[in-house]
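Note sheet for the following structure.
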Amino acid sequence: MKVELRKVKIARHLSEETTAFTADLWVDDKHIGYVKNSGHGGNNQVDHRYDGKGLNTRDEVRAFEEWCTKQPPHVSEYGELAMSDDFYITLLLEEWEENRFVKRLCKKETLFRLEGDPEKEYRSYKAVYTPLFAEKVRAKHPDLIEIINERFI
């Protein structure tokens, strides 16, 4: 199942204990619902789509929620955490925010990771990414894992 958040809008000024946001929930390239969080520490709320003309995605939302509970637990520095639709959406939102941040950095820098570097920590050159510059980075660093800019090409 391919799950993604689209049209994400974050309201930092409303975020207190959790991130306040709204987003469209897409599963297997089908818009099945809306997700929101008020930012006051509660769960993410998933609403199905209903238009009064026969479109009702309640069953698709339930299938998504069931699918989430069958996913393996999330392994973190705090141990294993059971998966739920709320937690899965939180992880998707974190990934969306990380990608947005990294994309901004990639506009002016070339980011990369070497073997042994922790996840989500990057080294950088203050040079705009080009394929020619990427070749130079690869030549200089034989232990290169990836050039982050290439994720967004």
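By convention here, the chains of the structure tokens are called A, B, ... in the order presented, each chain's residues are numbered starting at 1, and ligands are numbered starting at 1 in the order presented.
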Could you give me, as a count of residues only, the residues within 9 Å of stretch 62-76 of chain A, counting only C-alpha atoms and dropping anything in the same chain fewer than 3 positions from it? 16
Do you know which residues are at most 8 Å from stretch 128-130 of chain A counting only C-alpha atoms, after dropping those on the same chain fewer than 6 positions away, and could you put them as number ranges by chain? A: 106-110, 149
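One finds atom CA of A:Arg104 at 14.8 Å from atom CA of A:Ile147.
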When DSSP works through the backbone of this structure, what residues of chain A end up as strand (DSSP E or B), shown as a PyMOL selection string? chain A and resi 3-10+21-27+30-37+45-48+50+56+74-76+79-81+110-114+123-125+144-147
Write out as a PDB file with N, CA, C and O atoms, in the first residue's frame the residues lying within 7 Å of stretch 39-53 of chain A, counting only C-alpha atoms and excluding same-chain residues fewer than 3 positions away.
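Resulting contents of around20.pdb:
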```
ATOM      1  N   LEU A  14      -0.189  27.523  15.901  1.00  0.00           N
ATOM      2  CA  LEU A  14      -1.202  26.782  16.659  1.00  0.00           C
ATOM      3  C   LEU A  14      -0.622  25.538  17.336  1.00  0.00           C
ATOM      4  O   LEU A  14      -1.288  24.922  18.154  1.00  0.00           O
ATOM      5  N   SER A  15       0.591  25.169  16.979  1.00  0.00           N
ATOM      6  CA  SER A  15       1.202  23.948  17.495  1.00  0.00           C
ATOM      7  C   SER A  15       1.687  24.152  18.924  1.00  0.00           C
ATOM      8  O   SER A  15       2.502  25.026  19.186  1.00  0.00           O
ATOM      9  N   GLU A  16       1.144  23.338  19.815  1.00  0.00           N
ATOM     10  CA  GLU A  16       1.570  23.388  21.215  1.00  0.00           C
ATOM     11  C   GLU A  16       2.282  22.085  21.574  1.00  0.00           C
ATOM     12  O   GLU A  16       3.498  22.037  21.612  1.00  0.00           O
ATOM     13  N   GLU A  17       1.517  21.016  21.805  1.00  0.00           N
ATOM     14  CA  GLU A  17       2.131  19.737  22.163  1.00  0.00           C
ATOM     15  C   GLU A  17       2.387  18.846  20.950  1.00  0.00           C
ATOM     16  O   GLU A  17       3.246  17.976  20.990  1.00  0.00           O
ATOM     17  N   THR A  18       1.601  19.027  19.911  1.00  0.00           N
ATOM     18  CA  THR A  18       1.793  18.293  18.666  1.00  0.00           C
ATOM     19  C   THR A  18       1.801  19.300  17.525  1.00  0.00           C
ATOM     20  O   THR A  18       1.487  20.468  17.718  1.00  0.00           O
ATOM     21  N   THR A  19       2.128  18.841  16.336  1.00  0.00           N
ATOM     22  CA  THR A  19       2.149  19.721  15.168  1.00  0.00           C
ATOM     23  C   THR A  19       0.721  19.917  14.664  1.00  0.00           C
ATOM     24  O   THR A  19       0.029  18.944  14.358  1.00  0.00           O
ATOM     25  N   ALA A  20       0.287  21.171  14.583  1.00  0.00           N
ATOM     26  CA  ALA A  20      -1.028  21.481  14.020  1.00  0.00           C
ATOM     27  C   ALA A  20      -0.899  21.495  12.502  1.00  0.00           C
ATOM     28  O   ALA A  20      -0.044  22.186  11.949  1.00  0.00           O
ATOM     29  N   ILE A  32      -8.405   9.437  -0.420  1.00  0.00           N
ATOM     30  CA  ILE A  32      -9.438   8.766   0.376  1.00  0.00           C
ATOM     31  C   ILE A  32      -9.938   9.602   1.550  1.00  0.00           C
ATOM     32  O   ILE A  32     -10.961   9.277   2.134  1.00  0.00           O
ATOM     33  N   GLY A  33      -9.207  10.648   1.932  1.00  0.00           N
ATOM     34  CA  GLY A  33      -9.679  11.408   3.081  1.00  0.00           C
ATOM     35  C   GLY A  33      -8.812  12.593   3.415  1.00  0.00           C
ATOM     36  O   GLY A  33      -7.924  12.983   2.655  1.00  0.00           O
ATOM     37  N   TYR A  34      -9.115  13.132   4.579  1.00  0.00           N
ATOM     38  CA  TYR A  34      -8.428  14.319   5.093  1.00  0.00           C
ATOM     39  C   TYR A  34      -7.885  14.002   6.478  1.00  0.00           C
ATOM     40  O   TYR A  34      -8.513  13.274   7.243  1.00  0.00           O
ATOM     41  N   VAL A  35      -6.743  14.571   6.793  1.00  0.00           N
ATOM     42  CA  VAL A  35      -6.127  14.375   8.093  1.00  0.00           C
ATOM     43  C   VAL A  35      -5.904  15.746   8.711  1.00  0.00           C
ATOM     44  O   VAL A  35      -5.533  16.694   8.012  1.00  0.00           O
ATOM     45  N   LYS A  36      -6.116  15.834  10.021  1.00  0.00           N
ATOM     46  CA  LYS A  36      -5.850  17.098  10.701  1.00  0.00           C
ATOM     47  C   LYS A  36      -5.464  16.831  12.147  1.00  0.00           C
ATOM     48  O   LYS A  36      -5.752  15.778  12.707  1.00  0.00           O
ATOM     49  N   ASN A  56     -18.177   7.973  -1.184  1.00  0.00           N
ATOM     50  CA  ASN A  56     -17.970   7.805   0.248  1.00  0.00           C
ATOM     51  C   ASN A  56     -16.786   6.860   0.416  1.00  0.00           C
ATOM     52  O   ASN A  56     -16.843   5.709  -0.006  1.00  0.00           O
ATOM     53  N   THR A  57     -15.709   7.353   1.014  1.00  0.00           N
ATOM     54  CA  THR A  57     -14.490   6.547   1.122  1.00  0.00           C
ATOM     55  C   THR A  57     -14.311   5.955   2.528  1.00  0.00           C
ATOM     56  O   THR A  57     -13.209   5.631   2.922  1.00  0.00           O
ATOM     57  N   ARG A  58     -15.405   5.811   3.253  1.00  0.00           N
ATOM     58  CA  ARG A  58     -15.329   5.264   4.622  1.00  0.00           C
ATOM     59  C   ARG A  58     -14.634   3.900   4.637  1.00  0.00           C
ATOM     60  O   ARG A  58     -13.793   3.635   5.495  1.00  0.00           O
ATOM     61  N   VAL A  61     -10.884   4.205   4.183  1.00  0.00           N
ATOM     62  CA  VAL A  61     -10.239   4.708   5.407  1.00  0.00           C
ATOM     63  C   VAL A  61     -10.117   3.587   6.429  1.00  0.00           C
ATOM     64  O   VAL A  61      -9.079   3.425   7.063  1.00  0.00           O
ATOM     65  N   ASP A  86      -2.707   6.570  13.568  1.00  0.00           N
ATOM     66  CA  ASP A  86      -2.268   7.855  14.110  1.00  0.00           C
ATOM     67  C   ASP A  86      -0.741   7.972  14.071  1.00  0.00           C
ATOM     68  O   ASP A  86      -0.191   8.971  13.613  1.00  0.00           O
TER      69      ASP A  86
END
```
